[in-house]
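K.L.:
Dropping in structure11.txt, which is compact mmCIF, C-alpha atoms:
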# COMPACT_ATOMS: atom_id res chain seq x y z
CA THR M 1 33.38 56.66 12.87
CA ASN M 2 35.55 55.51 9.98
CA THR M 3 37.96 53.83 12.39
CA GLU M 4 35.16 51.78 13.99
CA LEU M 5 33.88 50.82 10.54
CA TYR M 6 37.32 49.61 9.47
CA LEU M 7 37.58 47.56 12.65
CA ARG M 8 34.20 45.98 12.06
CA LEU M 9 34.76 45.11 8.41
CA PRO M 10 36.86 41.95 9.07
CA PHE M 11 34.26 40.73 11.58
CA LEU M 12 31.38 41.41 9.15
CA PHE M 13 33.30 39.70 6.35
CA ILE M 14 33.98 36.58 8.44
CA THR M 15 30.36 36.53 9.66
CA SER M 16 29.03 36.71 6.09
CA LEU M 17 31.33 33.85 5.09
CA PHE M 18 30.13 31.75 8.01
CA PHE M 19 26.44 32.30 7.27
CA GLY M 20 27.02 31.72 3.58
CA TYR M 21 28.77 28.43 4.30
CA PHE M 22 26.05 27.45 6.79
CA ALA M 23 23.33 28.12 4.19
CA TYR M 24 25.29 26.08 1.63
CA VAL M 25 25.52 23.11 4.02
CA ILE M 26 21.77 23.23 4.72
CA ARG M 27 20.95 23.36 0.99
CA SER M 28 23.34 20.48 0.29
CA GLU M 29 21.87 18.30 3.04
CA ARG M 30 18.34 19.05 1.88
CA SER M 31 19.25 18.22 -1.72
CA MET M 32 20.95 14.96 -0.69
CA ARG M 33 17.97 13.98 1.46
CA GLU M 34 15.52 14.66 -1.37
CA HIS M 35 17.72 12.73 -3.81
CA SER M 36 17.91 9.78 -1.39
CA GLU M 37 14.12 9.77 -0.93
CA LYS M 38 13.62 9.77 -4.71
CA GLU M 39 16.05 6.85 -5.07
CA ASN M 40 14.23 4.89 -2.36
CA ARG M 41 10.85 5.50 -4.01
CA ALA M 42 12.26 4.38 -7.36
CA LYS M 43 13.71 1.24 -5.77
CA MET M 44 10.41 0.40 -4.10
CA GLU M 45 8.59 0.76 -7.42
CA ILE M 46 11.08 -1.61 -9.04
CA TYR M 47 10.71 -4.14 -6.19
CA ASN M 48 6.92 -4.00 -6.48
CA VAL M 49 7.01 -4.59 -10.24
CA VAL M 50 9.54 -7.41 -9.95
CA SER M 51 7.52 -8.96 -7.11
CA HIS M 52 4.39 -8.97 -9.26
CA GLU M 53 6.17 -10.29 -12.37
CA PHE M 54 7.76 -13.17 -10.46
CA ARG M 55 5.05 -14.11 -8.00
CA THR M 56 2.03 -14.06 -10.33
CA PRO M 57 3.19 -16.79 -12.76
CA LEU M 58 4.66 -18.79 -9.86
CA ALA M 59 1.31 -18.71 -8.05
CA ILE M 60 -0.43 -19.92 -11.21
CA ILE M 61 2.04 -22.80 -11.63
CA LYS M 62 1.65 -23.82 -7.96
CA GLY M 63 -2.12 -23.62 -8.19
CA PHE M 64 -2.27 -25.76 -11.34
CA ILE M 65 0.07 -28.38 -9.85
CA GLN M 66 -2.14 -28.52 -6.76
CA LEU M 67 -5.24 -28.97 -8.92
CA ILE M 68 -3.63 -31.95 -10.63
CA LYS M 69 -2.60 -33.41 -7.25
CA ASP M 70 -6.18 -33.01 -6.00
CA ARG M 71 -7.42 -35.01 -9.04
CA ALA M 72 -9.46 -32.03 -10.22
CA VAL M 73 -8.48 -32.73 -13.86
CA GLY M 74 -8.40 -36.51 -13.69
CA GLU M 75 -6.83 -39.44 -11.86
CA ILE M 76 -3.06 -39.72 -11.39
CA ASN M 77 -0.91 -42.63 -10.25
CA GLY M 78 1.60 -42.74 -7.39
CA ARG M 79 4.61 -42.08 -9.62
CA GLN M 80 2.96 -39.03 -11.13
CA GLU M 81 2.03 -37.74 -7.68
CA LYS M 82 5.64 -38.02 -6.51
CA GLY M 83 6.74 -36.03 -9.54
CA LEU M 84 4.15 -33.36 -8.80
CA ASP M 85 5.30 -33.22 -5.16
CA ALA M 86 8.88 -32.64 -6.34
CA ALA M 87 7.71 -29.89 -8.72
CA LEU M 88 5.70 -28.25 -5.96
CA HIS M 89 8.70 -28.35 -3.60
CA GLN M 90 10.80 -26.66 -6.26
CA CYS M 91 8.15 -23.95 -6.65
CA ILE M 92 8.15 -23.36 -2.90
CA ASP M 93 11.96 -23.18 -2.82
CA LEU M 94 11.90 -20.70 -5.70
CA GLU M 95 9.22 -18.66 -3.94
CA PHE M 96 11.35 -18.55 -0.77
CA THR M 97 14.36 -17.39 -2.79
CA ILE M 98 12.38 -14.68 -4.58
CA ASN M 99 10.83 -13.48 -1.33
CA ASN M 100 14.21 -13.34 0.40
CA ILE M 101 15.76 -11.32 -2.43
CA LEU M 102 12.87 -8.89 -2.67
CA GLU M 103 12.42 -8.48 1.07
CA ALA M 104 16.15 -7.98 1.62
CA GLY M 105 16.09 -5.32 -1.09
CA ARG M 106 13.14 -3.58 0.53
CA VAL M 107 14.83 -3.58 3.93
CA ALA M 108 18.05 -2.21 2.41
CA SER M 109 16.25 0.57 0.52
CA ASP M 110 14.16 1.51 3.55
CA ALA M 111 16.77 0.80 6.22
CA ALA M 112 16.84 4.38 7.45
CA HIS M 113 13.08 4.46 8.01
CA ILE M 114 12.17 2.51 11.13
CA GLU M 115 8.50 2.48 12.07
CA LYS M 116 7.94 2.23 15.81
CA ASN M 117 4.50 0.83 16.59
CA GLU M 118 3.01 -1.35 19.30
CA LEU M 119 3.13 -4.98 18.22
CA ASP M 120 1.14 -7.81 19.82
CA LEU M 121 3.62 -10.70 19.49
CA PRO M 122 1.13 -13.61 19.86
CA ARG M 123 -1.05 -12.14 17.11
CA PHE M 124 2.08 -11.39 15.06
CA VAL M 125 3.31 -15.01 15.33
CA THR M 126 -0.21 -16.38 14.66
CA GLU M 127 -0.32 -14.51 11.35
CA ILE M 128 3.07 -15.92 10.36
CA LYS M 129 2.05 -19.42 11.49
CA ALA M 130 -1.06 -19.34 9.27
CA GLY M 131 1.12 -18.96 6.17
CA TYR M 132 3.20 -22.03 7.07
CA ASP M 133 0.21 -24.13 8.17
CA SER M 134 -1.25 -23.89 4.67
CA SER M 135 1.80 -25.67 3.21
CA SER M 136 2.50 -28.09 6.09
CA ALA M 137 1.71 -31.18 3.97
CA LEU M 138 4.54 -30.28 1.59
CA ARG M 139 7.29 -30.21 4.24
CA THR M 140 9.38 -33.18 5.30
CA VAL M 141 9.67 -31.92 8.90
CA PRO M 142 7.01 -30.41 11.17
CA ILE M 143 7.12 -26.94 12.69
CA ARG M 144 6.28 -26.81 16.41
CA TRP M 145 4.91 -23.46 17.57
CA ASP M 146 5.19 -22.44 21.22
CA TYR M 147 3.98 -18.99 22.25
CA PRO M 148 1.50 -17.62 24.78
CA SER M 149 -1.99 -16.66 23.70
CA ALA M 150 -2.70 -14.57 26.81
CA PRO M 151 -1.90 -12.18 28.30
CA PRO M 152 -0.71 -10.30 25.21
CA LEU M 153 3.00 -9.58 24.88
CA VAL M 154 3.20 -6.08 23.45
CA VAL M 155 6.48 -4.60 22.22
CA VAL M 156 7.41 -1.47 20.29
CA SER M 157 9.02 -2.47 17.00
CA ASP M 158 8.87 -2.27 13.22
CA GLY M 159 6.47 -5.12 12.48
CA ALA M 160 7.20 -5.31 8.75
CA LYS M 161 10.96 -5.60 9.20
CA LEU M 162 10.61 -8.01 12.13
CA LYS M 163 8.38 -10.22 9.96
CA VAL M 164 11.07 -10.30 7.24
CA ILE M 165 13.70 -11.39 9.77
CA PHE M 166 11.46 -14.01 11.38
CA ARG M 167 10.36 -15.51 8.06
CA ASN M 168 13.93 -15.64 6.78
CA LEU M 169 14.99 -17.61 9.87
CA ILE M 170 12.08 -20.05 9.46
CA ASN M 171 12.64 -20.40 5.71
CA ASN M 172 16.33 -21.18 6.26
CA SER M 173 15.38 -23.82 8.81
CA ILE M 174 12.96 -25.41 6.35
CA ARG M 175 15.55 -25.39 3.60
CA PHE M 176 18.36 -26.96 5.63
CA THR M 177 16.44 -29.35 7.89
CA LYS M 178 15.77 -32.72 6.27
CA GLU M 179 14.76 -34.67 9.39
CA GLY M 180 13.72 -33.96 12.96
CA GLU M 181 11.73 -30.81 13.59
CA ILE M 182 11.69 -27.03 13.67
CA ARG M 183 10.62 -25.17 16.81
CA VAL M 184 9.43 -21.57 16.84
CA SER M 185 8.93 -20.04 20.27
CA VAL M 186 8.22 -16.74 21.97
CA ARG M 187 9.01 -16.37 25.68
CA TYR M 188 8.99 -13.64 28.27
CA LEU M 189 12.17 -13.83 30.37
CA THR M 190 11.11 -12.70 33.84
CA GLU M 191 14.63 -12.26 35.21
CA SER M 192 15.83 -9.87 32.49
CA GLY M 193 12.43 -8.48 31.51
CA LYS M 194 13.20 -9.26 27.86
CA ILE M 195 11.19 -11.12 25.22
CA GLU M 196 12.95 -13.92 23.34
CA LEU M 197 11.98 -15.07 19.84
CA GLN M 198 13.63 -18.35 18.82
CA VAL M 199 13.80 -20.50 15.73
CA VAL M 200 15.52 -23.82 16.55
CA ASP M 201 15.99 -26.72 14.15
CA THR M 202 17.75 -30.06 13.86
CA GLY M 203 19.35 -29.19 10.52
CA ILE M 204 22.96 -29.09 9.44
CA GLY M 205 23.64 -25.85 11.31
CA ILE M 206 26.12 -23.11 10.51
CA PRO M 207 29.79 -24.08 10.03
CA LYS M 208 31.97 -22.98 12.97
CA GLU M 209 34.29 -21.04 10.70
CA ALA M 210 31.32 -18.85 9.67
CA HIS M 211 30.20 -18.03 13.24
CA SER M 212 32.50 -15.00 13.52
CA LEU M 213 30.99 -13.55 10.32
CA ILE M 214 27.43 -13.82 11.63
CA PHE M 215 27.47 -13.44 15.40
Can the structure in the file be given as structure tokens, please?
P.N.:
Amino acid sequence: TNTELYLRLPFLFITSLFFGYFAYVIRSERSMREHSEKENRAKMEIYNVVSHEFRTPLAIIKGFIQLIKDRAVGEINGRQEKGLDAALHQCIDLEFTINNILEAGRVASDAAHIEKNELDLPRFVTEIKAGYDSSSALRTVPIRWDYPSAPPLVVVSDGAKLKVIFRNLINNSIRFTKEGEIRVSVRYLTESGKIELQVVDTGIGIPKEAHSLIF
């Protein structure tokens, strides 16, 4: 009847408003998500280009310095070798800085995307160790590695992001430790059932006034 129709009109009107608003919210969220994904892809492209533009000439400079140190282009004296060592150290420091900036940018741009995969920690640490073993002669302090080879310690984590964190800790230890040693360890804590990854050094440490900002 007309009376029933009149009674239903306010309900139908409110319902149409609700569904219209709901559809608007869904479209807005979808648009924002697509825009965010495009921004992340653009950032990653920039990071890849910058990484190539910085790392390629730096690798050439390091390689040429190493060739000179190895006497591949002729004999050098002790004073010249010390100068080449200093230049090589500066290249390594610059490489660490570039890597930290680029990797931090990648993590920030991809922070919302966490990959959860099984990660064999001993193999993971062995791969990281190989990169530092190749430049061990250029460091003033040794790195001691302590982690089990068997049985495998398998965790579920984002390997790429964990590698960034681990390398940053090691690189900071190298940069700020002038004497003593650096120890990198992986342990399974039986009491808590947790796995502990540690980077310990004998460097200058973090000022106490900065502890509250970090921990």
K.L.:
From the set M:Arg183, M:His89, M:Arg167, M:Arg123, which residue has the shortest atom-to-atom contact distance to Arg139 in chain M, counting only C-alpha atoms?
P.N.:
M:His89
K.L.:
Within 9 Å of Gly203 in chain M, counting all atoms listed in the file, which residues qualify if same-chain residues fewer than 6 places away don't, as a ChimeraX atom specification?
P.N.:
/M:173-182
K.L.:
Which polymer residues have any atom within 10 Å of an atom of range 115-117 of chain M, counting only C-alpha atoms, with same-chain residues fewer than 4 positions away left out, as a short mmCIF file (atom, residue, chain, number, x, y, z; two decimals) with C-alpha atoms, in the frame of the given file?
P.N.:
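Writing done, so here's selection-v1.cif:
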data_model
loop_
_atom_site.label_atom_id
_atom_site.label_comp_id
_atom_site.auth_asym_id
_atom_site.auth_seq_id
_atom_site.Cartn_x
_atom_site.Cartn_y
_atom_site.Cartn_z
CA VAL M 154 3.20 -6.08 23.45
CA VAL M 155 6.48 -4.60 22.22
CA VAL M 156 7.41 -1.47 20.29
CA SER M 157 9.02 -2.47 17.00
CA ASP M 158 8.87 -2.27 13.22
CA GLY M 159 6.47 -5.12 12.48
CA ALA M 160 7.20 -5.31 8.75
CA LYS M 161 10.96 -5.60 9.20
#
K.L.:
Find the distance between CA of Leu102 in chain M and CA of Ala130 in chain M and write it in Å to one decimal.
P.N.:
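CA of Ala130 in chain M lies at a distance of 21.1 Å from CA of Leu102 in chain M.
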K.L.:
From the options M:Ile128, M:Ile65, M:Ala72, M:Leu121, which residue's atoms come nearest to Leu197 in chain M, counting only C-alpha atoms?
P.N.:
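Among the listed residues, M:Leu121 lies closest to Leu197 in chain M.
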K.L.:
If I take CA of Gly83 in chain M and CA of Ile60 in chain M, how far is one from the other in Å, to one decimal?
P.N.:
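That distance, rounded to one decimal, is 17.7 Å.
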K.L.:
How far is it from CA of Ile101 in chain M to CA of Ile61 in chain M, in Å with one decimal?
P.N.:
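Separation of CA of Ile101 in chain M and CA of Ile61 in chain M: 20.1 Å.
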K.L.:
Using 3 Å of padding on each side, determine the axis-aligned box around all atoms of range 149-158 of chain M present in the file and give its centre and edge lengths in Å to one decimal, as lines of an AutoDock Vina configuration file.
P.N.:
center_x = 3.2
center_y = -9.1
center_z = 20.8
size_x = 17.7
size_y = 21.2
size_z = 21.1
K.L.:
Which of these, M:Ile92, M:Leu84, M:Ala210, M:Val186, has the shortest distance to Phe124 in chain M once you count all atoms listed in the file?
P.N.:
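Under the stated criterion, the closest residue is M:Val186.
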K.L.:
For Glu196 in chain M, which of M:Ile170, M:Val164, M:Leu153, M:Ile46 is the closest residue, counting only C-alpha atoms?
P.N.:
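Counting only C-alpha atoms, the residue closest to Glu196 in chain M is M:Leu153.
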